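**Q** One file: work18.pdb (PDB, C-alpha atoms).
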ATOM      1  CA  MET A   1      -5.181 -17.593  -0.485  1.00  0.00           C
ATOM      2  CA  TYR A   2      -7.987 -19.620   0.963  1.00  0.00           C
ATOM      3  CA  TRP A   3     -10.523 -19.447   3.733  1.00  0.00           C
ATOM      4  CA  GLN A   4     -11.899 -22.708   5.052  1.00  0.00           C
ATOM      5  CA  LEU A   5     -15.213 -22.171   6.835  1.00  0.00           C
ATOM      6  CA  THR A   6     -16.192 -24.818   9.349  1.00  0.00           C
ATOM      7  CA  PRO A   7     -18.635 -25.093  12.273  1.00  0.00           C
ATOM      8  CA  GLY A   8     -17.502 -23.283  15.407  1.00  0.00           C
ATOM      9  CA  ASP A   9     -18.326 -26.092  17.800  1.00  0.00           C
ATOM     10  CA  ALA A  10     -19.350 -29.732  18.053  1.00  0.00           C
ATOM     11  CA  LYS A  11     -22.931 -28.965  16.995  1.00  0.00           C
ATOM     12  CA  GLY A  12     -21.768 -29.167  13.409  1.00  0.00           C
ATOM     13  CA  LEU A  13     -24.340 -27.960  10.918  1.00  0.00           C
ATOM     14  CA  ALA A  14     -26.435 -26.633  13.813  1.00  0.00           C
ATOM     15  CA  SER A  15     -23.570 -24.569  15.208  1.00  0.00           C
ATOM     16  CA  ALA A  16     -24.252 -20.909  15.943  1.00  0.00           C
ATOM     17  CA  LEU A  17     -20.540 -20.204  15.504  1.00  0.00           C
ATOM     18  CA  ILE A  18     -18.191 -20.361  12.564  1.00  0.00           C
ATOM     19  CA  LYS A  19     -14.475 -20.910  12.308  1.00  0.00           C
ATOM     20  CA  VAL A  20     -12.374 -19.275   9.634  1.00  0.00           C
ATOM     21  CA  ASN A  21      -9.298 -21.409   9.018  1.00  0.00           C
ATOM     22  CA  GLY A  22      -9.741 -22.885  12.466  1.00  0.00           C
ATOM     23  CA  GLU A  23     -10.210 -19.609  14.324  1.00  0.00           C
ATOM     24  CA  THR A  24     -13.642 -18.761  15.717  1.00  0.00           C
ATOM     25  CA  ALA A  25     -14.973 -15.509  14.260  1.00  0.00           C
ATOM     26  CA  VAL A  26     -16.328 -13.085  16.864  1.00  0.00           C
ATOM     27  CA  LEU A  27     -17.260  -9.433  16.932  1.00  0.00           C
ATOM     28  CA  GLY A  28     -15.097  -7.001  18.841  1.00  0.00           C
ATOM     29  CA  HIS A  29     -16.493  -5.246  21.901  1.00  0.00           C
ATOM     30  CA  ASP A  30     -17.119  -2.213  19.690  1.00  0.00           C
ATOM     31  CA  LEU A  31     -19.033  -4.470  17.260  1.00  0.00           C
ATOM     32  CA  SER A  32     -16.117  -4.375  14.839  1.00  0.00           C
ATOM     33  CA  LEU A  33     -15.576  -7.309  12.509  1.00  0.00           C
ATOM     34  CA  PRO A  34     -12.456  -9.408  12.791  1.00  0.00           C
ATOM     35  CA  ASP A  35      -9.862  -9.018  10.040  1.00  0.00           C
ATOM     36  CA  LEU A  36     -11.458 -11.608   7.804  1.00  0.00           C
ATOM     37  CA  LEU A  37      -9.058 -11.060   4.908  1.00  0.00           C
ATOM     38  CA  GLY A  38      -6.138 -11.369   7.293  1.00  0.00           C
ATOM     39  CA  MET A  39      -7.489 -14.720   8.462  1.00  0.00           C
ATOM     40  CA  GLY A  40      -6.834 -16.139   5.004  1.00  0.00           C
ATOM     41  CA  GLN A  41      -4.048 -18.651   4.544  1.00  0.00           C
ATOM     42  CA  GLN A  42      -1.666 -19.228   1.694  1.00  0.00           C
ATOM     43  CA  LEU A  43      -2.533 -22.208  -0.457  1.00  0.00           C
ATOM     44  CA  PRO A  44      -0.707 -25.338   0.662  1.00  0.00           C
ATOM     45  CA  ALA A  45       2.551 -26.060  -1.106  1.00  0.00           C
ATOM     46  CA  ASP A  46       0.983 -28.943  -2.997  1.00  0.00           C
ATOM     47  CA  GLY A  47      -1.926 -26.704  -4.043  1.00  0.00           C
ATOM     48  CA  ALA A  48      -4.533 -29.032  -2.544  1.00  0.00           C
ATOM     49  CA  VAL A  49      -7.270 -27.151  -0.720  1.00  0.00           C
ATOM     50  CA  PRO A  50      -8.797 -29.274   2.060  1.00  0.00           C
ATOM     51  CA  LEU A  51     -12.548 -29.184   2.444  1.00  0.00           C
ATOM     52  CA  PRO A  52     -14.067 -31.298   5.249  1.00  0.00           C
ATOM     53  CA  ALA A  53     -17.484 -32.870   4.819  1.00  0.00           C
ATOM     54  CA  SER A  54     -20.437 -30.455   5.011  1.00  0.00           C
ATOM     55  CA  THR A  55     -18.267 -27.342   4.905  1.00  0.00           C
ATOM     56  CA  TYR A  56     -17.437 -24.650   2.427  1.00  0.00           C
ATOM     57  CA  GLY A  57     -14.605 -22.366   1.521  1.00  0.00           C
ATOM     58  CA  ILE A  58     -13.330 -19.575  -0.667  1.00  0.00           C
ATOM     59  CA  VAL A  59     -10.132 -19.617  -2.695  1.00  0.00           C
ATOM     60  CA  VAL A  60      -8.450 -16.783  -4.546  1.00  0.00           C
ATOM     61  CA  LEU A  61      -6.268 -17.834  -7.439  1.00  0.00           C
ATOM     62  CA  ASP A  62      -3.794 -14.982  -7.698  1.00  0.00           C
ATOM     63  CA  ARG A  63      -3.142 -14.019 -11.331  1.00  0.00           C
TER      64      ARG A  63
ATOM     65  CA  MET B   1     -34.313 -22.998  -7.864  1.00  0.00           C
ATOM     66  CA  ARG B   2     -31.674 -23.360 -10.518  1.00  0.00           C
ATOM     67  CA  THR B   3     -33.644 -25.643 -12.775  1.00  0.00           C
ATOM     68  CA  LEU B   4     -36.989 -23.860 -12.680  1.00  0.00           C
ATOM     69  CA  PHE B   5     -37.031 -20.484 -11.058  1.00  0.00           C
ATOM     70  CA  LEU B   6     -33.971 -18.699 -12.388  1.00  0.00           C
ATOM     71  CA  PRO B   7     -34.516 -19.598 -16.076  1.00  0.00           C
ATOM     72  CA  ASN B   8     -38.185 -18.643 -15.789  1.00  0.00           C
ATOM     73  CA  VAL B   9     -37.258 -15.251 -14.347  1.00  0.00           C
ATOM     74  CA  THR B  10     -34.741 -14.738 -17.129  1.00  0.00           C
ATOM     75  CA  ARG B  11     -37.365 -15.561 -19.747  1.00  0.00           C
ATOM     76  CA  ALA B  12     -39.900 -13.198 -18.200  1.00  0.00           C
ATOM     77  CA  VAL B  13     -37.452 -10.316 -17.978  1.00  0.00           C
ATOM     78  CA  THR B  14     -36.231 -10.930 -21.520  1.00  0.00           C
ATOM     79  CA  ALA B  15     -39.806 -10.793 -22.745  1.00  0.00           C
ATOM     80  CA  PHE B  16     -41.094  -7.807 -20.806  1.00  0.00           C
ATOM     81  CA  ALA B  17     -38.126  -5.717 -19.640  1.00  0.00           C
ATOM     82  CA  PRO B  18     -35.042  -6.806 -21.560  1.00  0.00           C
ATOM     83  CA  ASP B  19     -33.000  -3.780 -20.550  1.00  0.00           C
ATOM     84  CA  LYS B  20     -33.511  -4.351 -16.833  1.00  0.00           C
ATOM     85  CA  PRO B  21     -31.112  -6.240 -14.570  1.00  0.00           C
ATOM     86  CA  VAL B  22     -32.555  -8.872 -12.262  1.00  0.00           C
ATOM     87  CA  ILE B  23     -31.953  -8.932  -8.531  1.00  0.00           C
ATOM     88  CA  ILE B  24     -33.470 -11.807  -6.600  1.00  0.00           C
ATOM     89  CA  GLY B  25     -34.850 -10.673  -3.250  1.00  0.00           C
ATOM     90  CA  GLU B  26     -36.024 -12.325  -0.050  1.00  0.00           C
ATOM     91  CA  THR B  27     -34.029 -15.476  -0.596  1.00  0.00           C
ATOM     92  CA  SER B  28     -33.298 -17.960   2.150  1.00  0.00           C
ATOM     93  CA  SER B  29     -32.837 -21.633   2.701  1.00  0.00           C
ATOM     94  CA  PHE B  30     -36.319 -21.720   4.264  1.00  0.00           C
ATOM     95  CA  TRP B  31     -39.422 -19.650   3.706  1.00  0.00           C
ATOM     96  CA  GLY B  32     -42.015 -18.534   6.232  1.00  0.00           C
ATOM     97  CA  GLY B  33     -39.614 -17.070   8.763  1.00  0.00           C
ATOM     98  CA  GLY B  34     -36.860 -19.637   8.511  1.00  0.00           C
ATOM     99  CA  LEU B  35     -36.267 -22.812  10.461  1.00  0.00           C
ATOM    100  CA  ALA B  36     -34.686 -22.598  13.910  1.00  0.00           C
ATOM    101  CA  ASN B  37     -31.277 -24.219  14.221  1.00  0.00           C
ATOM    102  CA  VAL B  38     -30.984 -24.620  10.461  1.00  0.00           C
ATOM    103  CA  SER B  39     -31.407 -21.378   8.508  1.00  0.00           C
ATOM    104  CA  ASN B  40     -29.733 -19.388  11.285  1.00  0.00           C
ATOM    105  CA  ARG B  41     -26.867 -21.787  11.781  1.00  0.00           C
ATOM    106  CA  PHE B  42     -23.776 -22.996   9.984  1.00  0.00           C
ATOM    107  CA  ALA B  43     -25.878 -25.152   7.656  1.00  0.00           C
ATOM    108  CA  SER B  44     -27.273 -22.037   5.991  1.00  0.00           C
ATOM    109  CA  GLY B  45     -23.864 -21.200   4.550  1.00  0.00           C
ATOM    110  CA  LEU B  46     -23.941 -24.299   2.374  1.00  0.00           C
ATOM    111  CA  TRP B  47     -27.142 -23.036   0.794  1.00  0.00           C
ATOM    112  CA  LEU B  48     -25.875 -19.445   0.626  1.00  0.00           C
ATOM    113  CA  LEU B  49     -22.732 -20.176  -1.368  1.00  0.00           C
ATOM    114  CA  GLY B  50     -24.535 -22.540  -3.713  1.00  0.00           C
ATOM    115  CA  GLU B  51     -27.277 -20.042  -4.338  1.00  0.00           C
ATOM    116  CA  LEU B  52     -24.843 -17.206  -4.955  1.00  0.00           C
ATOM    117  CA  GLY B  53     -23.015 -19.383  -7.434  1.00  0.00           C
ATOM    118  CA  GLU B  54     -26.156 -20.314  -9.318  1.00  0.00           C
ATOM    119  CA  VAL B  55     -27.486 -16.757  -9.383  1.00  0.00           C
ATOM    120  CA  GLY B  56     -24.104 -15.605 -10.658  1.00  0.00           C
ATOM    121  CA  LEU B  57     -24.357 -18.051 -13.546  1.00  0.00           C
ATOM    122  CA  ALA B  58     -27.951 -17.172 -14.407  1.00  0.00           C
ATOM    123  CA  GLU B  59     -28.284 -14.978 -17.465  1.00  0.00           C
ATOM    124  CA  GLY B  60     -29.157 -11.363 -16.705  1.00  0.00           C
ATOM    125  CA  HIS B  61     -29.021 -11.728 -12.934  1.00  0.00           C
ATOM    126  CA  ARG B  62     -27.050  -9.017 -11.215  1.00  0.00           C
ATOM    127  CA  GLY B  63     -27.572  -9.673  -7.534  1.00  0.00           C
ATOM    128  CA  MET B  64     -29.184 -11.592  -4.737  1.00  0.00           C
ATOM    129  CA  ILE B  65     -30.563 -10.382  -1.423  1.00  0.00           C
ATOM    130  CA  ARG B  66     -30.408 -12.786   1.482  1.00  0.00           C
ATOM    131  CA  GLN B  67     -33.379 -12.669   3.860  1.00  0.00           C
ATOM    132  CA  ASP B  68     -32.836 -11.233   6.453  1.00  0.00           C
ATOM    133  CA  LEU B  69     -30.725  -8.946   8.645  1.00  0.00           C
ATOM    134  CA  VAL B  70     -32.746  -9.222  11.867  1.00  0.00           C
ATOM    135  CA  GLY B  71     -35.867 -11.230  12.678  1.00  0.00           C
ATOM    136  CA  GLY B  72     -37.283 -14.696  12.228  1.00  0.00           C
ATOM    137  CA  ASP B  73     -35.109 -17.779  12.223  1.00  0.00           C
ATOM    138  CA  TYR B  74     -32.868 -16.734   9.349  1.00  0.00           C
ATOM    139  CA  PRO B  75     -31.271 -13.497  10.540  1.00  0.00           C
ATOM    140  CA  LEU B  76     -27.672 -12.516  10.055  1.00  0.00           C
ATOM    141  CA  LEU B  77     -27.888 -10.934  13.493  1.00  0.00           C
ATOM    142  CA  ASP B  78     -29.620 -12.347  16.534  1.00  0.00           C
ATOM    143  CA  PHE B  79     -30.060  -9.912  19.339  1.00  0.00           C
ATOM    144  CA  VAL B  80     -30.895 -10.168  23.000  1.00  0.00           C
ATOM    145  CA  GLY B  81     -31.809  -7.616  25.631  1.00  0.00           C
ATOM    146  CA  GLY B  82     -32.774  -4.040  24.892  1.00  0.00           C
ATOM    147  CA  ALA B  83     -36.282  -2.709  25.384  1.00  0.00           C
ATOM    148  CA  ALA B  84     -37.854  -6.144  25.687  1.00  0.00           C
ATOM    149  CA  HIS B  85     -35.406  -7.136  28.413  1.00  0.00           C
ATOM    150  CA  PRO B  86     -34.496  -3.933  30.260  1.00  0.00           C
ATOM    151  CA  VAL B  87     -32.174  -5.743  32.638  1.00  0.00           C
ATOM    152  CA  VAL B  88     -29.977  -6.900  29.777  1.00  0.00           C
ATOM    153  CA  PRO B  89     -28.345  -4.312  27.524  1.00  0.00           C
ATOM    154  CA  LEU B  90     -28.898  -4.801  23.820  1.00  0.00           C
ATOM    155  CA  GLN B  91     -26.333  -7.198  22.444  1.00  0.00           C
ATOM    156  CA  TYR B  92     -25.932  -8.423  18.910  1.00  0.00           C
ATOM    157  CA  SER B  93     -24.982 -11.981  18.279  1.00  0.00           C
ATOM    158  CA  PRO B  94     -23.940 -12.613  14.672  1.00  0.00           C
ATOM    159  CA  ASN B  95     -24.883 -15.913  13.114  1.00  0.00           C
ATOM    160  CA  PRO B  96     -22.396 -17.765  10.895  1.00  0.00           C
ATOM    161  CA  ASP B  97     -23.789 -16.267   7.674  1.00  0.00           C
ATOM    162  CA  TYR B  98     -22.958 -12.794   8.995  1.00  0.00           C
ATOM    163  CA  PHE B  99     -19.262 -13.568   8.851  1.00  0.00           C
ATOM    164  CA  THR B 100     -19.609 -15.529   5.625  1.00  0.00           C
ATOM    165  CA  THR B 101     -21.345 -12.657   3.829  1.00  0.00           C
ATOM    166  CA  ALA B 102     -18.794 -10.173   5.177  1.00  0.00           C
ATOM    167  CA  LEU B 103     -15.975 -12.331   3.866  1.00  0.00           C
ATOM    168  CA  LEU B 104     -17.701 -12.792   0.513  1.00  0.00           C
ATOM    169  CA  GLN B 105     -18.097  -9.052   0.210  1.00  0.00           C
ATOM    170  CA  ARG B 106     -14.369  -8.570   0.720  1.00  0.00           C
ATOM    171  CA  VAL B 107     -13.179 -11.341  -1.574  1.00  0.00           C
ATOM    172  CA  VAL B 108     -15.680 -11.847  -4.394  1.00  0.00           C
ATOM    173  CA  GLY B 109     -16.119  -9.408  -7.282  1.00  0.00           C
ATOM    174  CA  GLU B 110     -19.201  -8.835  -9.410  1.00  0.00           C
ATOM    175  CA  SER B 111     -18.534 -10.980 -12.470  1.00  0.00           C
ATOM    176  CA  ALA B 112     -19.355 -14.659 -12.487  1.00  0.00           C
ATOM    177  CA  MET B 113     -17.241 -16.828 -14.734  1.00  0.00           C
ATOM    178  CA  ALA B 114     -17.888 -20.085 -16.518  1.00  0.00           C
ATOM    179  CA  ARG B 115     -18.733 -22.992 -14.251  1.00  0.00           C
ATOM    180  CA  PRO B 116     -15.448 -24.610 -13.248  1.00  0.00           C
ATOM    181  CA  GLN B 117     -14.995 -28.125 -14.509  1.00  0.00           C
ATOM    182  CA  LEU B 118     -13.930 -30.391 -11.708  1.00  0.00           C
ATOM    183  CA  ARG B 119     -11.982 -33.461 -12.626  1.00  0.00           C
ATOM    184  CA  SER B 120     -11.697 -36.276 -10.175  1.00  0.00           C
ATOM    185  CA  SER B 121      -8.403 -37.503  -8.881  1.00  0.00           C
ATOM    186  CA  ALA B 122      -7.372 -41.125  -9.005  1.00  0.00           C
ATOM    187  CA  SER B 123     -10.550 -42.684  -7.720  1.00  0.00           C
ATOM    188  CA  GLY B 124     -12.936 -40.509  -9.656  1.00  0.00           C
ATOM    189  CA  SER B 125     -11.870 -40.311 -13.266  1.00  0.00           C
ATOM    190  CA  ASP B 126     -13.420 -42.837 -15.560  1.00  0.00           C
ATOM    191  CA  ALA B 127     -11.472 -45.083 -17.860  1.00  0.00           C
ATOM    192  CA  ALA B 128     -11.513 -42.562 -20.681  1.00  0.00           C
ATOM    193  CA  GLY B 129     -10.440 -39.714 -18.415  1.00  0.00           C
ATOM    194  CA  GLN B 130     -13.692 -37.903 -19.044  1.00  0.00           C
ATOM    195  CA  VAL B 131     -14.699 -34.954 -16.909  1.00  0.00           C
ATOM    196  CA  ARG B 132     -17.124 -36.216 -14.322  1.00  0.00           C
ATOM    197  CA  ASP B 133     -20.041 -34.276 -13.009  1.00  0.00           C
ATOM    198  CA  TYR B 134     -18.918 -33.714  -9.472  1.00  0.00           C
ATOM    199  CA  GLU B 135     -22.151 -31.940  -8.744  1.00  0.00           C
ATOM    200  CA  SER B 136     -23.798 -35.323  -8.523  1.00  0.00           C
ATOM    201  CA  GLU B 137     -21.278 -36.195  -5.874  1.00  0.00           C
ATOM    202  CA  HIS B 138     -22.037 -33.021  -3.979  1.00  0.00           C
ATOM    203  CA  VAL B 139     -18.766 -31.232  -4.454  1.00  0.00           C
ATOM    204  CA  ARG B 140     -19.290 -27.928  -6.204  1.00  0.00           C
ATOM    205  CA  ALA B 141     -17.244 -24.926  -7.269  1.00  0.00           C
ATOM    206  CA  TYR B 142     -18.281 -21.545  -8.650  1.00  0.00           C
ATOM    207  CA  ALA B 143     -15.937 -18.953 -10.108  1.00  0.00           C
ATOM    208  CA  PHE B 144     -16.142 -15.176  -9.895  1.00  0.00           C
ATOM    209  CA  SER B 145     -13.751 -12.358 -10.511  1.00  0.00           C
ATOM    210  CA  ALA B 146     -11.942 -11.528  -7.286  1.00  0.00           C
ATOM    211  CA  LYS B 147     -12.466  -8.187  -5.627  1.00  0.00           C
ATOM    212  CA  ASN B 148      -9.796  -5.641  -6.407  1.00  0.00           C
ATOM    213  CA  THR B 149      -7.447  -5.451  -3.447  1.00  0.00           C
ATOM    214  CA  PRO B 150      -3.696  -5.008  -3.082  1.00  0.00           C
ATOM    215  CA  LEU B 151      -3.578  -8.561  -1.727  1.00  0.00           C
ATOM    216  CA  TRP B 152      -3.762 -10.225  -5.160  1.00  0.00           C
ATOM    217  CA  GLY B 153      -3.516  -9.428  -8.845  1.00  0.00           C
ATOM    218  CA  ALA B 154      -6.191  -7.540 -10.730  1.00  0.00           C
ATOM    219  CA  ASN B 155      -7.192 -10.567 -12.829  1.00  0.00           C
ATOM    220  CA  SER B 156      -7.467 -12.985  -9.941  1.00  0.00           C
ATOM    221  CA  THR B 157     -10.295 -15.479  -9.609  1.00  0.00           C
ATOM    222  CA  ALA B 158     -12.382 -16.181  -6.518  1.00  0.00           C
ATOM    223  CA  LEU B 159     -13.751 -19.691  -6.202  1.00  0.00           C
ATOM    224  CA  LEU B 160     -16.638 -20.658  -3.953  1.00  0.00           C
ATOM    225  CA  LEU B 161     -16.237 -24.256  -2.862  1.00  0.00           C
ATOM    226  CA  LEU B 162     -18.811 -26.580  -1.357  1.00  0.00           C
ATOM    227  CA  ASN B 163     -18.477 -30.063   0.005  1.00  0.00           C
ATOM    228  CA  LEU B 164     -22.073 -31.130   0.523  1.00  0.00           C
ATOM    229  CA  ARG B 165     -21.247 -34.694   1.355  1.00  0.00           C
ATOM    230  CA  PRO B 166     -22.227 -35.667   4.907  1.00  0.00           C
ATOM    231  CA  THR B 167     -19.022 -37.612   5.347  1.00  0.00           C
ATOM    232  CA  GLY B 168     -15.691 -37.593   3.627  1.00  0.00           C
ATOM    233  CA  PRO B 169     -13.350 -34.667   3.049  1.00  0.00           C
ATOM    234  CA  ALA B 170     -12.528 -33.291  -0.373  1.00  0.00           C
ATOM    235  CA  SER B 171      -9.133 -32.114  -1.524  1.00  0.00           C
ATOM    236  CA  LEU B 172      -9.245 -29.737  -4.461  1.00  0.00           C
ATOM    237  CA  ARG B 173      -6.531 -28.424  -6.747  1.00  0.00           C
ATOM    238  CA  PHE B 174      -7.082 -25.717  -9.298  1.00  0.00           C
ATOM    239  CA  ARG B 175      -5.583 -24.292 -12.426  1.00  0.00           C
ATOM    240  CA  CYS B 176      -6.773 -21.690 -14.903  1.00  0.00           C
ATOM    241  CA  ASP B 177      -6.732 -21.864 -18.688  1.00  0.00           C
ATOM    242  CA  GLY B 178      -7.391 -18.376 -19.944  1.00  0.00           C
ATOM    243  CA  SER B 179     -10.450 -17.135 -18.139  1.00  0.00           C
ATOM    244  CA  VAL B 180     -11.667 -20.607 -17.179  1.00  0.00           C
ATOM    245  CA  CYS B 181     -10.596 -22.086 -13.869  1.00  0.00           C
ATOM    246  CA  GLY B 182     -11.231 -25.518 -12.538  1.00  0.00           C
TER     247      GLY B 182
END
Could you show the structure in this file as C-alpha cells?
**A**
Amino acid sequence: MYWQLTPGDAKGLASALIKVNGETAVLGHDLSLPDLLGMGQQLPADGAVPLPASTYGIVVLDR
Amino acid sequence: MRTLFLPNVTRAVTAFAPDKPVIIGETSSFWGGGLANVSNRFASGLWLLGELGEVGLAEGHRGMIRQDLVGGDYPLLDFVGGAAHPVVPLQYSPNPDYFTTALLQRVVGESAMARPQLRSSASGSDAAGQVRDYESEHVRAYAFSAKNTPLWGANSTALLLLNLRPTGPASLRFRCDGSVCG
C-alpha cells in the first residue's frame, strides 16, 4: 500500500492543507481523524510509486 | 543534524550513560518559535520525514519529539477562538504535520532498517551500473519495520519517501533482499 502526501491547495509548500492520495485530510466535526489507513492505495500494477516534486510518501511492502 | 549532532550525541551517551536510550526532544525545522508559513505548513513534512529517517538510523536513538503540539509557528494544531475571542467558539485547525504524524504512527513500527539503496532507472545509472547516491539528487528513502496490523504481514517494511527536488516527479520501484529493501 502507499500514501502519497501532497499539498492541499495551490499554495504548494506553503499550504495549510494536505492531501492523502489526492483527498484532502480534514477533522470530523467531533474532532475525529479521518481513516488514514483506509486512504491508502494498492501499489500500481507496475510497482512504480509516483512521487511529485517537493512531496513525500509512505509505502508498505507487504511481506 | 545528521553529520554533526546525532553522532556527537551518540558519542556522549556512549561515554557517560551507555545503558540509556536517546530521545531527541524539541526538534523542528526552525528554532525560536518556528517560521510562519514554513514550519507550520506542508513544507515541514519534508523535514519531518527526513529527520525521522536519520534519527532512526542513528545508533542508540530510540525516539524523536517534534516541537510542538500548540503554540508558535510550528504547531501540529492551530486554534482560533476560545477565551481570547469569546465570540468565536474554540476551534482546532490541524496543520499538515498533524495528519502526517498520525499516519506515521499507524504505519511505521519502531525498528529502523538499513538505509535503502536506490538505483537509478535508465537515465541515472552510470556506465558500470553502479549504485548512485540519490541523496545528492534529493530523492531519499528510509526503511522501518511496519506497524503490526491485520492489513499487511508481520514482517512488512514501511518506507518513508522524499522527493526534495523543486521540479520533476520521481517514480520509485522497490524490492527486498532479506531484510534490506531498496
**Q** List, as a list in words, every residue that the PyMOL selection byres ((chain A) within 7 of (chain B)) selects in the file provided.
**A**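 Output of the PyMOL selection byres ((chain A) within 7 of (chain B)): Pro7, Leu13, Ala14, Ser15, Ala16, Leu17, Ile18, Leu36, Gly47, Ala48, Val49, Pro50, Leu51, Pro52, Ala53, Ser54, Thr55, Tyr56, Gly57, Ile58, Val59, Val60, Leu61, Asp62 and Arg63 of chain A.
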**Q** For the residues selected in the previous step, produce a file with C-alpha atoms as a short mmCIF file (atom, residue, chain, number, x, y, z; two decimals), in the frame of the given file.
**A**
data_model
loop_
_atom_site.label_atom_id
_atom_site.label_comp_id
_atom_site.auth_asym_id
_atom_site.auth_seq_id
_atom_site.Cartn_x
_atom_site.Cartn_y
_atom_site.Cartn_z
CA PRO A 7 -18.64 -25.09 12.27
CA LEU A 13 -24.34 -27.96 10.92
CA ALA A 14 -26.44 -26.63 13.81
CA SER A 15 -23.57 -24.57 15.21
CA ALA A 16 -24.25 -20.91 15.94
CA LEU A 17 -20.54 -20.20 15.50
CA ILE A 18 -18.19 -20.36 12.56
CA LEU A 36 -11.46 -11.61 7.80
CA GLY A 47 -1.93 -26.70 -4.04
CA ALA A 48 -4.53 -29.03 -2.54
CA VAL A 49 -7.27 -27.15 -0.72
CA PRO A 50 -8.80 -29.27 2.06
CA LEU A 51 -12.55 -29.18 2.44
CA PRO A 52 -14.07 -31.30 5.25
CA ALA A 53 -17.48 -32.87 4.82
CA SER A 54 -20.44 -30.46 5.01
CA THR A 55 -18.27 -27.34 4.90
CA TYR A 56 -17.44 -24.65 2.43
CA GLY A 57 -14.60 -22.37 1.52
CA ILE A 58 -13.33 -19.58 -0.67
CA VAL A 59 -10.13 -19.62 -2.70
CA VAL A 60 -8.45 -16.78 -4.55
CA LEU A 61 -6.27 -17.83 -7.44
CA ASP A 62 -3.79 -14.98 -7.70
CA ARG A 63 -3.14 -14.02 -11.33
#
**Q** Could you give me, as a list in words, the residues within 10 Å of A:Glu23, counting only C-alpha atoms and dropping anything in the same chain fewer than 2 positions from it?
**A**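 Within the cut-off, the hits are Gln4, Leu5, Thr6, Gly8, Ile18, Lys19, Val20, Asn21, Ala25, Val26 and Met39 of chain A.
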**Q** Can you give me, as a list of chain:residue names, the residues this file yields under the PyMOL selection byres ((chain B and resi 62) around 6)?
**A**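 Those residues are B:Pro21, B:Val22, B:Ile23, B:His61, B:Gly63.
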**Q** Rounded to one decimal, what separation in Å do you get between atom CA of A:Leu37 and atom CA of B:Asn148?
**A**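 It comes out at 12.6 Å.
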**Q** Would you compute the distance between atom CA of A:Tyr2 and atom CA of B:Thr101? Give it in Å to one decimal.
**A**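 According to the coordinates, atom CA of A:Tyr2 and atom CA of B:Thr101 are separated by 15.3 Å.
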**Q** Restricting the calculation to all atoms listed in the file: of B:Ala114, B:Pro89, B:Ser28, B:Gln67, which residue gets closest to B:Glu51?
**A**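 Smallest distance to B:Glu51 is found for B:Ser28.
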**Q** Which distance in Å separates atom CA of A:Met1 and atom CA of B:Pro150, to one decimal?
**A**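 Atom CA of B:Pro150 lies at a distance of 12.9 Å from atom CA of A:Met1.
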**Q** Taking the file as shown, find all residues satisfying the PyMOL selection byres ((chain B and resi 5-19) around 10) and write them as a list in words.
**A** Met1, Arg2, Thr3, Leu4, Lys20, Pro21, Val22, Ile24, Glu54, Val55, Leu57, Ala58, Glu59, Gly60 and His61 of chain B
**Q** Quick one: axis-aligned box around all listed atoms of stretch 13-28 of chain B, 8 Å on every side, centre and edge lengths in Å to one decimal, written as lines of an AutoDock Vina configuration file.
**A**
center_x = -36.1
center_y = -10.9
center_z = -10.3
size_x = 26.0
size_y = 30.2
size_z = 40.9
**Q** Show me, as a PDB file with C-alpha atoms, in the coordinates of the input, the residues that have an atom within 12 Å of B:Glu26 when counting all atoms listed in the file, minus same-chain residues fewer than 2 positions from it.
**A**
ATOM      1  CA  ILE B  23     -31.953  -8.932  -8.531  1.00  0.00           C
ATOM      2  CA  ILE B  24     -33.470 -11.807  -6.600  1.00  0.00           C
ATOM      3  CA  SER B  28     -33.298 -17.960   2.150  1.00  0.00           C
ATOM      4  CA  SER B  29     -32.837 -21.633   2.701  1.00  0.00           C
ATOM      5  CA  PHE B  30     -36.319 -21.720   4.264  1.00  0.00           C
ATOM      6  CA  TRP B  31     -39.422 -19.650   3.706  1.00  0.00           C
ATOM      7  CA  GLY B  32     -42.015 -18.534   6.232  1.00  0.00           C
ATOM      8  CA  GLY B  33     -39.614 -17.070   8.763  1.00  0.00           C
ATOM      9  CA  GLY B  34     -36.860 -19.637   8.511  1.00  0.00           C
ATOM     10  CA  GLY B  63     -27.572  -9.673  -7.534  1.00  0.00           C
ATOM     11  CA  MET B  64     -29.184 -11.592  -4.737  1.00  0.00           C
ATOM     12  CA  ILE B  65     -30.563 -10.382  -1.423  1.00  0.00           C
ATOM     13  CA  ARG B  66     -30.408 -12.786   1.482  1.00  0.00           C
ATOM     14  CA  GLN B  67     -33.379 -12.669   3.860  1.00  0.00           C
ATOM     15  CA  ASP B  68     -32.836 -11.233   6.453  1.00  0.00           C
ATOM     16  CA  LEU B  69     -30.725  -8.946   8.645  1.00  0.00           C
ATOM     17  CA  TYR B  74     -32.868 -16.734   9.349  1.00  0.00           C
ATOM     18  CA  PRO B  75     -31.271 -13.497  10.540  1.00  0.00           C
TER      19      PRO B  75
END
**Q** Go through B:Leu77, B:Val87, B:Leu118, B:Met113 and flag the residue nearest A:Leu27, using all atoms listed in the file for the distances.
**A**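 Ranked by minimum distance to A:Leu27, first place goes to B:Leu77.
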